[in-house]
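Q: Quick one: structure below, then a few questions.
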Amino acid sequence: MSRPARSISQTGFYHIIFRGVNHCHLFEEKADYERFCGLLVELKHQLGFKIHAYSLMANHCHLLIEESRKANIAQIMMRLLGPYASWFNRQYGRSGALIANRYKSECVEDDSYLLALVRYIHKNPLEAGIVERVDRYRWSSYRDYVNKGQGFTETDFVLSIFSPDPSKALDEFKAFHGESKNSGYTFFEGEKKNEEDIRREILAVLGGMEPHTVCGLPRLERDAVLASLRKRGLTVRQIERATGVSKSVVAKVRI
């Protein structure tokens with residue numbers, strides 16, 4: 001794998017994550033995703049930052065941003081989240097905070113971690129059981145990479161780490177995303193739930209019954225419980241691990 005013309009250590013890359021308050025949805029319809037992306041693009045032109053990866057999930061978002069100047073992230077997020085929350089509240093007749101605890105950020109300072117992080121961001125919808133292939137999720141930057149010249153993502157820097165040859169770089173990028181092996185990194189998630197947190201949430205939904213009893217419930221009742229857990233923000237894998245219900249069953253539940 002070749003090295004890019006400039007090292008990530010010379011830049012200001014930040015992984016940003018924010019969630020809906022009380023696990024509420026940040027996006028309800030296609031128009032919401034489009035509005036958020038429109039605001040992001042407007043700010044990108046106004047403030048000069050670069051977007052290297054993103055994934056917009058129903059109740060949380062990942063952004064990989066490169067600052068144009070030091071300490072620019074706070075201004076970017078203030079001018080992005082405030083207007084979007086106001087617009088969303090007007091659209092759905094709600095009031096109060098939309099974003100839980102503002103946002104969380106981490107500085108990314110290593111090329112290898114950067115690549116693993118980009119793959120992690122793009123595979124978020126896959127890991128959550130929303131899609132079966134990473135290229136089938138509309139609201140992530142993966143398509144910007146594979147459909148060169150489309151979208152608003154800055155793709156050249158990440159691809160240059162793979163190879164100086166654009167065609168070879170794209171092939172390696174796709175192959176890298178197809179790997180199932182663990183990168184060895186633990187990715188920043190803001191407020192990550194541990195096993196006990198997950199168990200408490202399931203107990204609350206079940207009224208005190210143990211998580212393993214979900215498997216034995218009648219199908220309609222079981223699916224209603226699984227839907228409730230998904231709406232609370234638990235991932236398909238977290239639910240599978242705690243309840244014993246298979247990943248494929250959890251992923252198919254309507255929420």
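Scheme for the structure tokens: letters A, B, ... for chains in order shown; per-chain residue numbers from 1; ligand numbers from 1 in order shown.
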Just the residues within 12 Å of Leu40 in chain A, please, counting only C-alpha atoms, with nothing from its chain fewer than 6 positions along; format it as a list in words.
A: Tyr33, Glu34, Gln46, Leu47, Gly48, Phe49, Lys50, Ile51, Tyr54, Leu56, Leu63, Ile65, Ile76, Met77, Met78, Arg79, Leu80, Leu81, Pro83, Tyr84, Gly151, Phe152 and Thr153 of chain A
Q: Next, dump the selected residues to file, keeping only C-alpha atoms, as a PDB file, in the first residue's frame.
A:
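Saved the output as selection.pdb:
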```pdb
ATOM      1  CA  TYR A  33     -31.623  13.093   4.761  1.00  0.00           C
ATOM      2  CA  GLU A  34     -31.599  15.436   1.771  1.00  0.00           C
ATOM      3  CA  GLN A  46     -18.635  28.380   3.273  1.00  0.00           C
ATOM      4  CA  LEU A  47     -16.063  27.106   5.785  1.00  0.00           C
ATOM      5  CA  GLY A  48     -13.724  25.196   3.475  1.00  0.00           C
ATOM      6  CA  PHE A  49     -13.590  21.872   5.344  1.00  0.00           C
ATOM      7  CA  LYS A  50     -13.497  18.467   3.626  1.00  0.00           C
ATOM      8  CA  ILE A  51     -15.735  15.449   4.175  1.00  0.00           C
ATOM      9  CA  TYR A  54     -20.061   9.768   6.369  1.00  0.00           C
ATOM     10  CA  LEU A  56     -26.340   8.834   8.170  1.00  0.00           C
ATOM     11  CA  LEU A  63     -18.829  12.092   9.912  1.00  0.00           C
ATOM     12  CA  ILE A  65     -14.150  15.725   8.584  1.00  0.00           C
ATOM     13  CA  ILE A  76     -18.942  23.445  11.797  1.00  0.00           C
ATOM     14  CA  MET A  77     -21.078  21.398  14.163  1.00  0.00           C
ATOM     15  CA  MET A  78     -22.816  24.405  15.702  1.00  0.00           C
ATOM     16  CA  ARG A  79     -23.833  25.689  12.267  1.00  0.00           C
ATOM     17  CA  LEU A  80     -24.884  22.201  11.122  1.00  0.00           C
ATOM     18  CA  LEU A  81     -26.784  20.706  14.051  1.00  0.00           C
ATOM     19  CA  PRO A  83     -30.298  24.700  11.958  1.00  0.00           C
ATOM     20  CA  TYR A  84     -31.038  21.060  11.153  1.00  0.00           C
ATOM     21  CA  GLY A 151     -21.479  13.208  -4.359  1.00  0.00           C
ATOM     22  CA  PHE A 152     -19.766  15.695  -2.069  1.00  0.00           C
ATOM     23  CA  THR A 153     -17.112  13.472  -0.462  1.00  0.00           C
TER      24      THR A 153
END
```
Q: With a distance cut-off of 9 Å and only C-alpha atoms, select the neighbouring residues of range 99-106 of chain A, excluding the residue or stretch itself and same-chain residues fewer than 3 positions from it, and output the selection as a ChimeraX atom specification.
A: /A:13-24,26,60,73,77-78,81,85,188-191
Q: Could you write out the selected residues, including N, CA and C atoms, as a PDB file, in the first residue's frame?
A:
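The file below, part32.pdb, is the result:
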```pdb
ATOM      1  N   PHE A  13      -7.921  15.755  11.027  1.00  0.00           N
ATOM      2  CA  PHE A  13      -9.027  14.846  10.741  1.00  0.00           C
ATOM      3  C   PHE A  13      -9.776  14.544  12.041  1.00  0.00           C
ATOM      4  N   TYR A  14     -11.105  14.588  11.982  1.00  0.00           N
ATOM      5  CA  TYR A  14     -11.912  14.285  13.156  1.00  0.00           C
ATOM      6  C   TYR A  14     -13.062  13.345  12.810  1.00  0.00           C
ATOM      7  N   HIS A  15     -13.224  12.354  13.659  1.00  0.00           N
ATOM      8  CA  HIS A  15     -14.391  11.464  13.577  1.00  0.00           C
ATOM      9  C   HIS A  15     -15.443  12.041  14.515  1.00  0.00           C
ATOM     10  N   ILE A  16     -16.588  12.398  13.948  1.00  0.00           N
ATOM     11  CA  ILE A  16     -17.690  12.987  14.708  1.00  0.00           C
ATOM     12  C   ILE A  16     -18.835  12.001  14.771  1.00  0.00           C
ATOM     13  N   ILE A  17     -19.425  11.864  15.945  1.00  0.00           N
ATOM     14  CA  ILE A  17     -20.627  11.052  16.070  1.00  0.00           C
ATOM     15  C   ILE A  17     -21.645  11.800  16.917  1.00  0.00           C
ATOM     16  N   PHE A  18     -22.895  11.769  16.486  1.00  0.00           N
ATOM     17  CA  PHE A  18     -23.966  12.347  17.302  1.00  0.00           C
ATOM     18  C   PHE A  18     -25.218  11.489  17.151  1.00  0.00           C
ATOM     19  N   ARG A  19     -26.060  11.540  18.187  1.00  0.00           N
ATOM     20  CA  ARG A  19     -27.232  10.670  18.271  1.00  0.00           C
ATOM     21  C   ARG A  19     -28.480  11.473  18.592  1.00  0.00           C
ATOM     22  N   GLY A  20     -29.625  10.872  18.276  1.00  0.00           N
ATOM     23  CA  GLY A  20     -30.893  11.472  18.651  1.00  0.00           C
ATOM     24  C   GLY A  20     -31.108  11.349  20.153  1.00  0.00           C
ATOM     25  N   VAL A  21     -31.650  12.377  20.777  1.00  0.00           N
ATOM     26  CA  VAL A  21     -31.892  12.346  22.211  1.00  0.00           C
ATOM     27  C   VAL A  21     -32.887  11.229  22.530  1.00  0.00           C
ATOM     28  N   ASN A  22     -32.606  10.468  23.592  1.00  0.00           N
ATOM     29  CA  ASN A  22     -33.449   9.333  23.983  1.00  0.00           C
ATOM     30  C   ASN A  22     -33.659   8.354  22.835  1.00  0.00           C
ATOM     31  N   HIS A  23     -32.637   8.236  21.982  1.00  0.00           N
ATOM     32  CA  HIS A  23     -32.653   7.299  20.851  1.00  0.00           C
ATOM     33  C   HIS A  23     -33.695   7.644  19.797  1.00  0.00           C
ATOM     34  N   CYS A  24     -34.201   8.869  19.795  1.00  0.00           N
ATOM     35  CA  CYS A  24     -35.204   9.241  18.801  1.00  0.00           C
ATOM     36  C   CYS A  24     -34.548   9.354  17.422  1.00  0.00           C
ATOM     37  N   LEU A  26     -33.332  10.847  13.945  1.00  0.00           N
ATOM     38  CA  LEU A  26     -32.875  12.116  13.395  1.00  0.00           C
ATOM     39  C   LEU A  26     -33.437  12.323  11.994  1.00  0.00           C
ATOM     40  N   HIS A  60     -28.506   7.978  14.502  1.00  0.00           N
ATOM     41  CA  HIS A  60     -27.171   8.504  14.783  1.00  0.00           C
ATOM     42  C   HIS A  60     -26.411   8.709  13.473  1.00  0.00           C
ATOM     43  N   ILE A  73     -13.911  22.592  14.056  1.00  0.00           N
ATOM     44  CA  ILE A  73     -14.961  21.586  14.231  1.00  0.00           C
ATOM     45  C   ILE A  73     -16.144  22.143  15.023  1.00  0.00           C
ATOM     46  N   MET A  77     -19.988  22.159  13.563  1.00  0.00           N
ATOM     47  CA  MET A  77     -21.078  21.398  14.163  1.00  0.00           C
ATOM     48  C   MET A  77     -22.186  22.308  14.692  1.00  0.00           C
ATOM     49  N   MET A  78     -21.810  23.460  15.222  1.00  0.00           N
ATOM     50  CA  MET A  78     -22.816  24.405  15.702  1.00  0.00           C
ATOM     51  C   MET A  78     -23.708  24.869  14.556  1.00  0.00           C
ATOM     52  N   LEU A  81     -25.778  21.378  13.226  1.00  0.00           N
ATOM     53  CA  LEU A  81     -26.784  20.706  14.051  1.00  0.00           C
ATOM     54  C   LEU A  81     -27.913  21.630  14.493  1.00  0.00           C
ATOM     55  N   ALA A  85     -31.721  20.780  13.490  1.00  0.00           N
ATOM     56  CA  ALA A  85     -32.665  20.445  14.566  1.00  0.00           C
ATOM     57  C   ALA A  85     -33.888  21.353  14.518  1.00  0.00           C
ATOM     58  N   PHE A 188     -14.310   4.651  18.292  1.00  0.00           N
ATOM     59  CA  PHE A 188     -14.981   5.625  19.141  1.00  0.00           C
ATOM     60  C   PHE A 188     -16.474   5.642  18.831  1.00  0.00           C
ATOM     61  N   GLU A 189     -17.294   5.507  19.861  1.00  0.00           N
ATOM     62  CA  GLU A 189     -18.745   5.488  19.663  1.00  0.00           C
ATOM     63  C   GLU A 189     -19.451   6.520  20.521  1.00  0.00           C
ATOM     64  N   GLY A 190     -18.711   7.411  21.123  1.00  0.00           N
ATOM     65  CA  GLY A 190     -19.373   8.391  21.981  1.00  0.00           C
ATOM     66  C   GLY A 190     -19.798   7.725  23.272  1.00  0.00           C
ATOM     67  N   GLU A 191     -21.077   7.399  23.378  1.00  0.00           N
ATOM     68  CA  GLU A 191     -21.598   6.760  24.580  1.00  0.00           C
ATOM     69  C   GLU A 191     -21.901   5.295  24.268  1.00  0.00           C
TER      70      GLU A 191
END
```
Q: According to DSSP computed on the backbone, where in range 11-255 of chain A is there alpha helix (DSSP H)? Give the residues as number ranges by chain.
A: A: 30-47, 73-92, 111-122, 124-127, 142-146, 156-162, 166-178, 195-206, 219-231, 236-243, 247-252
Q: Just how far from CA of Ala204 in chain A is CA of Leu226 in chain A, in Å to one decimal?
A: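 These atoms are spaced 12.7 Å apart.
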Q: Enumerate, in order of chain and increasing residue number, the residues of range 2-121 of chain A with an atom no farther than 12 Å from range 126-136 of chain A, each with its shortest atom pair and distance in Å to one decimal, counting only C-alpha atoms, as JSON lines.
A:
```
{"residue": "A:Ser55", "atom": "CA", "partner": "A:Val134", "partner_atom": "CA", "distance": 10.9}
{"residue": "A:Met57", "atom": "CA", "partner": "A:Ala128", "partner_atom": "CA", "distance": 9.4}
{"residue": "A:Ala58", "atom": "CA", "partner": "A:Ile130", "partner_atom": "CA", "distance": 10.3}
{"residue": "A:Asn59", "atom": "CA", "partner": "A:Ala128", "partner_atom": "CA", "distance": 11.7}
{"residue": "A:His60", "atom": "CA", "partner": "A:Ala128", "partner_atom": "CA", "distance": 11.8}
{"residue": "A:Arg119", "atom": "CA", "partner": "A:Val134", "partner_atom": "CA", "distance": 9.7}
{"residue": "A:Tyr120", "atom": "CA", "partner": "A:Glu127", "partner_atom": "CA", "distance": 9.1}
{"residue": "A:Ile121", "atom": "CA", "partner": "A:Leu126", "partner_atom": "CA", "distance": 9.9}
```
Q: Using the chain letters and numbers from this document, which residues of range 42-249 of chain A does DSSP assign to strand (DSSP E), as a list in words?
A: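 Of range 42-249 of chain A, only Lys50, Ile51, His52, Ala53, Tyr54, Ser55, Leu56, His60, Cys61, His62, Leu63, Leu64, Ile65, Glu66, Lys104, Ser105, Glu106, Cys107 and Val108 of chain A fall in strand (DSSP E).
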Q: Once you have the residues from the selection above, write them out as a CSV table (one decimal), in the first residue's frame, restricted to N, CA and C atoms.
A:
```
chain,number,residue,atom,x,y,z
A,50,LYS,N,-13.3,19.6,4.5
A,50,LYS,CA,-13.5,18.5,3.6
A,50,LYS,C,-14.2,17.3,4.4
A,51,ILE,N,-15.0,16.6,3.6
A,51,ILE,CA,-15.7,15.4,4.2
A,51,ILE,C,-15.1,14.2,3.5
A,52,HIS,N,-14.5,13.4,4.3
A,52,HIS,CA,-13.8,12.2,3.8
A,52,HIS,C,-14.7,10.9,3.9
A,53,ALA,N,-15.7,10.9,4.8
A,53,ALA,CA,-16.6,9.8,4.9
A,53,ALA,C,-17.8,10.2,5.8
A,54,TYR,N,-18.9,9.5,5.5
A,54,TYR,CA,-20.1,9.8,6.4
A,54,TYR,C,-21.0,8.6,6.3
A,55,SER,N,-21.8,8.4,7.3
A,55,SER,CA,-22.9,7.5,7.3
A,55,SER,C,-24.0,8.1,8.1
A,56,LEU,N,-25.2,8.3,7.5
A,56,LEU,CA,-26.3,8.8,8.2
A,56,LEU,C,-27.3,7.7,8.5
A,60,HIS,N,-28.5,8.0,14.5
A,60,HIS,CA,-27.2,8.5,14.8
A,60,HIS,C,-26.4,8.7,13.5
A,61,CYS,N,-25.3,9.5,13.5
A,61,CYS,CA,-24.6,9.8,12.3
A,61,CYS,C,-23.1,9.7,12.6
A,62,HIS,N,-22.3,9.3,11.6
A,62,HIS,CA,-20.9,9.4,11.7
A,62,HIS,C,-20.4,10.3,10.6
A,63,LEU,N,-19.5,11.2,10.9
A,63,LEU,CA,-18.8,12.1,9.9
A,63,LEU,C,-17.3,12.0,10.1
A,64,LEU,N,-16.6,12.0,9.0
A,64,LEU,CA,-15.1,12.1,9.1
A,64,LEU,C,-14.7,13.4,8.3
A,65,ILE,N,-14.4,14.4,9.1
A,65,ILE,CA,-14.1,15.7,8.6
A,65,ILE,C,-12.7,16.2,8.7
A,66,GLU,N,-12.2,16.9,7.8
A,66,GLU,CA,-10.9,17.5,7.8
A,66,GLU,C,-11.1,19.0,8.0
A,104,LYS,N,-19.9,14.1,19.9
A,104,LYS,CA,-18.6,13.7,20.4
A,104,LYS,C,-17.7,13.6,19.2
A,105,SER,N,-16.4,13.9,19.5
A,105,SER,CA,-15.4,13.9,18.4
A,105,SER,C,-14.1,13.3,18.9
A,106,GLU,N,-13.3,12.7,18.0
A,106,GLU,CA,-12.0,12.2,18.3
A,106,GLU,C,-11.1,12.6,17.1
A,107,CYS,N,-9.8,13.0,17.4
A,107,CYS,CA,-8.8,13.3,16.4
A,107,CYS,C,-8.3,12.0,15.9
A,108,VAL,N,-8.1,12.0,14.5
A,108,VAL,CA,-7.6,10.8,13.9
A,108,VAL,C,-6.2,11.1,13.4
```
Q: Pick out the closest residue to Tyr92 in chain A from this set: A:Glu179, A:Arg241, A:Asp32, A:Glu172. Count only C-alpha atoms.
A: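 Of the candidates, the smallest distance to Tyr92 in chain A is held by A:Asp32.
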Q: Can you tell me, as a PyMOL selection string, what residues are no more than 12 Å from Leu206 in chain A when counting only C-alpha atoms, ignoring any on the same chain fewer than 3 positions away?
A: chain A and resi 199-203+209-214+217+221-222+224-226+228-229+243
Q: For the selection just defined, write its residues with N, CA and C atoms to a file, as a PDB file, in the first residue's frame.
A:
```
ATOM      1  N   ARG A 199     -28.441  -5.260  28.816  1.00  0.00           N
ATOM      2  CA  ARG A 199     -29.323  -6.156  29.569  1.00  0.00           C
ATOM      3  C   ARG A 199     -30.411  -5.360  30.284  1.00  0.00           C
ATOM      4  N   ARG A 200     -30.041  -4.207  30.869  1.00  0.00           N
ATOM      5  CA  ARG A 200     -31.026  -3.381  31.570  1.00  0.00           C
ATOM      6  C   ARG A 200     -32.109  -2.868  30.614  1.00  0.00           C
ATOM      7  N   GLU A 201     -31.689  -2.485  29.410  1.00  0.00           N
ATOM      8  CA  GLU A 201     -32.666  -1.991  28.439  1.00  0.00           C
ATOM      9  C   GLU A 201     -33.646  -3.097  28.056  1.00  0.00           C
ATOM     10  N   ILE A 202     -33.125  -4.301  27.862  1.00  0.00           N
ATOM     11  CA  ILE A 202     -33.997  -5.422  27.488  1.00  0.00           C
ATOM     12  C   ILE A 202     -34.930  -5.778  28.634  1.00  0.00           C
ATOM     13  N   LEU A 203     -34.427  -5.775  29.867  1.00  0.00           N
ATOM     14  CA  LEU A 203     -35.271  -6.052  31.032  1.00  0.00           C
ATOM     15  C   LEU A 203     -36.404  -5.033  31.135  1.00  0.00           C
ATOM     16  N   MET A 209     -38.512  -9.654  32.745  1.00  0.00           N
ATOM     17  CA  MET A 209     -38.208 -11.016  32.278  1.00  0.00           C
ATOM     18  C   MET A 209     -36.789 -11.063  31.706  1.00  0.00           C
ATOM     19  N   GLU A 210     -36.134 -12.219  31.822  1.00  0.00           N
ATOM     20  CA  GLU A 210     -34.760 -12.357  31.342  1.00  0.00           C
ATOM     21  C   GLU A 210     -34.695 -12.291  29.810  1.00  0.00           C
ATOM     22  N   PRO A 211     -33.616 -11.713  29.257  1.00  0.00           N
ATOM     23  CA  PRO A 211     -33.488 -11.560  27.805  1.00  0.00           C
ATOM     24  C   PRO A 211     -33.638 -12.859  27.015  1.00  0.00           C
ATOM     25  N   HIS A 212     -33.162 -13.981  27.580  1.00  0.00           N
ATOM     26  CA  HIS A 212     -33.217 -15.235  26.824  1.00  0.00           C
ATOM     27  C   HIS A 212     -34.643 -15.724  26.587  1.00  0.00           C
ATOM     28  N   THR A 213     -35.615 -15.181  27.323  1.00  0.00           N
ATOM     29  CA  THR A 213     -37.008 -15.614  27.153  1.00  0.00           C
ATOM     30  C   THR A 213     -37.623 -15.078  25.861  1.00  0.00           C
ATOM     31  N   VAL A 214     -36.958 -14.109  25.230  1.00  0.00           N
ATOM     32  CA  VAL A 214     -37.484 -13.558  23.981  1.00  0.00           C
ATOM     33  C   VAL A 214     -37.622 -14.647  22.921  1.00  0.00           C
ATOM     34  N   LEU A 217     -41.021 -16.531  22.947  1.00  0.00           N
ATOM     35  CA  LEU A 217     -42.282 -15.800  22.818  1.00  0.00           C
ATOM     36  C   LEU A 217     -42.972 -16.129  21.491  1.00  0.00           C
ATOM     37  N   GLU A 221     -45.426 -11.435  19.231  1.00  0.00           N
ATOM     38  CA  GLU A 221     -44.970 -10.806  20.467  1.00  0.00           C
ATOM     39  C   GLU A 221     -43.460 -10.638  20.461  1.00  0.00           C
ATOM     40  N   ARG A 222     -42.768 -11.677  19.976  1.00  0.00           N
ATOM     41  CA  ARG A 222     -41.298 -11.619  19.885  1.00  0.00           C
ATOM     42  C   ARG A 222     -40.862 -10.473  18.981  1.00  0.00           C
ATOM     43  N   ALA A 224     -42.482  -7.800  18.176  1.00  0.00           N
ATOM     44  CA  ALA A 224     -42.802  -6.498  18.778  1.00  0.00           C
ATOM     45  C   ALA A 224     -41.713  -6.097  19.772  1.00  0.00           C
ATOM     46  N   VAL A 225     -41.226  -7.079  20.542  1.00  0.00           N
ATOM     47  CA  VAL A 225     -40.138  -6.812  21.493  1.00  0.00           C
ATOM     48  C   VAL A 225     -38.867  -6.419  20.736  1.00  0.00           C
ATOM     49  N   LEU A 226     -38.544  -7.158  19.685  1.00  0.00           N
ATOM     50  CA  LEU A 226     -37.340  -6.872  18.901  1.00  0.00           C
ATOM     51  C   LEU A 226     -37.417  -5.478  18.274  1.00  0.00           C
ATOM     52  N   SER A 228     -39.050  -2.931  19.469  1.00  0.00           N
ATOM     53  CA  SER A 228     -38.864  -1.967  20.555  1.00  0.00           C
ATOM     54  C   SER A 228     -37.384  -1.786  20.879  1.00  0.00           C
ATOM     55  N   LEU A 229     -36.656  -2.894  20.867  1.00  0.00           N
ATOM     56  CA  LEU A 229     -35.222  -2.828  21.166  1.00  0.00           C
ATOM     57  C   LEU A 229     -34.469  -2.093  20.064  1.00  0.00           C
ATOM     58  N   THR A 243     -30.171 -11.881  23.429  1.00  0.00           N
ATOM     59  CA  THR A 243     -31.413 -12.664  23.471  1.00  0.00           C
ATOM     60  C   THR A 243     -31.296 -14.061  22.881  1.00  0.00           C
TER      61      THR A 243
END
```
Q: Output as CSV one row per residue of range 51-123 of chain A within 10 Å of range 157-162 of chain A: the closest atom pair and its distance in Å to one decimal place, counting only C-alpha atoms, sorted by chain and residue number ascending.
A:
```
residue,atom,partner,partner_atom,distance
A:His52,CA,A:Val158,CA,7.5
A:Ala53,CA,A:Val158,CA,9.4
A:Asp111,CA,A:Ile161,CA,7.8
A:Ser112,CA,A:Ile161,CA,9.1
A:Leu114,CA,A:Val158,CA,8.2
A:Leu115,CA,A:Val158,CA,7.2
A:Val118,CA,A:Val158,CA,8.6
```
Q: Suppose we keep N, CA and C atoms; can you now write the selection as an mmCIF file, in the first residue's frame?
A:
```cif
data_model
loop_
_atom_site.group_PDB
_atom_site.id
_atom_site.type_symbol
_atom_site.label_atom_id
_atom_site.label_comp_id
_atom_site.auth_asym_id
_atom_site.auth_seq_id
_atom_site.Cartn_x
_atom_site.Cartn_y
_atom_site.Cartn_z
ATOM 1 N N HIS A 52 -14.505 13.353 4.319
ATOM 2 C CA HIS A 52 -13.834 12.172 3.778
ATOM 3 C C HIS A 52 -14.685 10.908 3.906
ATOM 4 N N ALA A 53 -15.656 10.922 4.786
ATOM 5 C CA ALA A 53 -16.567 9.776 4.910
ATOM 6 C C ALA A 53 -17.754 10.184 5.764
ATOM 7 N N ASP A 111 -2.675 6.846 9.565
ATOM 8 C CA ASP A 111 -3.230 6.447 8.273
ATOM 9 C C ASP A 111 -3.962 5.102 8.344
ATOM 10 N N SER A 112 -3.387 4.138 9.064
ATOM 11 C CA SER A 112 -4.009 2.813 9.156
ATOM 12 C C SER A 112 -5.342 2.880 9.890
ATOM 13 N N LEU A 114 -7.185 5.529 10.040
ATOM 14 C CA LEU A 114 -8.077 6.249 9.145
ATOM 15 C C LEU A 114 -8.792 5.292 8.198
ATOM 16 N N LEU A 115 -8.039 4.401 7.559
ATOM 17 C CA LEU A 115 -8.646 3.464 6.613
ATOM 18 C C LEU A 115 -9.631 2.532 7.305
ATOM 19 N N VAL A 118 -12.777 4.527 8.036
ATOM 20 C CA VAL A 118 -13.608 4.735 6.844
ATOM 21 C C VAL A 118 -14.432 3.484 6.558
#
```
Q: Could you give me, as a ChimeraX atom specification, the residues within 9 Å of Arg230 in chain A, counting only C-alpha atoms and dropping anything in the same chain fewer than 5 positions from it?
A: /A:225,235-236,239,250,253,255
Q: Quick one: write out the picked residues with N, CA, C and O atoms as a short mmCIF file (atom, residue, chain, number, x, y, z; two decimals), in the first residue's frame?
A:
```cif
data_model
loop_
_atom_site.label_atom_id
_atom_site.label_comp_id
_atom_site.auth_asym_id
_atom_site.auth_seq_id
_atom_site.Cartn_x
_atom_site.Cartn_y
_atom_site.Cartn_z
N VAL A 225 -41.23 -7.08 20.54
CA VAL A 225 -40.14 -6.81 21.49
C VAL A 225 -38.87 -6.42 20.74
O VAL A 225 -38.19 -5.45 21.09
N THR A 235 -28.17 -2.38 18.38
CA THR A 235 -27.85 -2.92 17.06
C THR A 235 -28.34 -4.36 16.95
O THR A 235 -28.65 -5.02 17.95
N VAL A 236 -28.38 -4.84 15.72
CA VAL A 236 -28.80 -6.22 15.47
C VAL A 236 -27.90 -7.19 16.23
O VAL A 236 -28.37 -8.14 16.85
N ILE A 239 -28.57 -7.22 20.06
CA ILE A 239 -29.81 -7.94 20.39
C ILE A 239 -29.61 -9.44 20.23
O ILE A 239 -30.05 -10.23 21.07
N VAL A 250 -33.71 -10.80 13.60
CA VAL A 250 -33.71 -9.45 14.17
C VAL A 250 -33.68 -8.41 13.06
O VAL A 250 -34.38 -7.39 13.10
N VAL A 253 -37.04 -7.50 11.22
CA VAL A 253 -38.15 -6.90 11.95
C VAL A 253 -38.38 -5.46 11.51
O VAL A 253 -37.43 -4.68 11.36
N ILE A 255 -39.29 -1.63 11.90
CA ILE A 255 -39.23 -0.65 13.00
C ILE A 255 -39.74 0.70 12.51
O ILE A 255 -39.90 0.92 11.33
#
```
Q: Using only C-alpha atoms, which of A:Val249, A:Tyr145, A:Glu154, A:Arg35 sits nearest Asp171 in chain A?
A: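 Among A:Val249, A:Tyr145, A:Glu154, A:Arg35, it is A:Tyr145 that comes nearest to Asp171 in chain A.
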Q: So which one's closest to Arg138 in chain A, A:Ala227, A:Cys37, A:Ala97, A:Ala242? Using only C-alpha atoms, please.
A: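 Under the stated criterion, the closest residue is A:Cys37.
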Q: What is the distance, in Å and to one decimal place, between CA of Leu98 in chain A and CA of Ser86 in chain A?
A: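 Distance reported for this atom pair: 8.6 Å.
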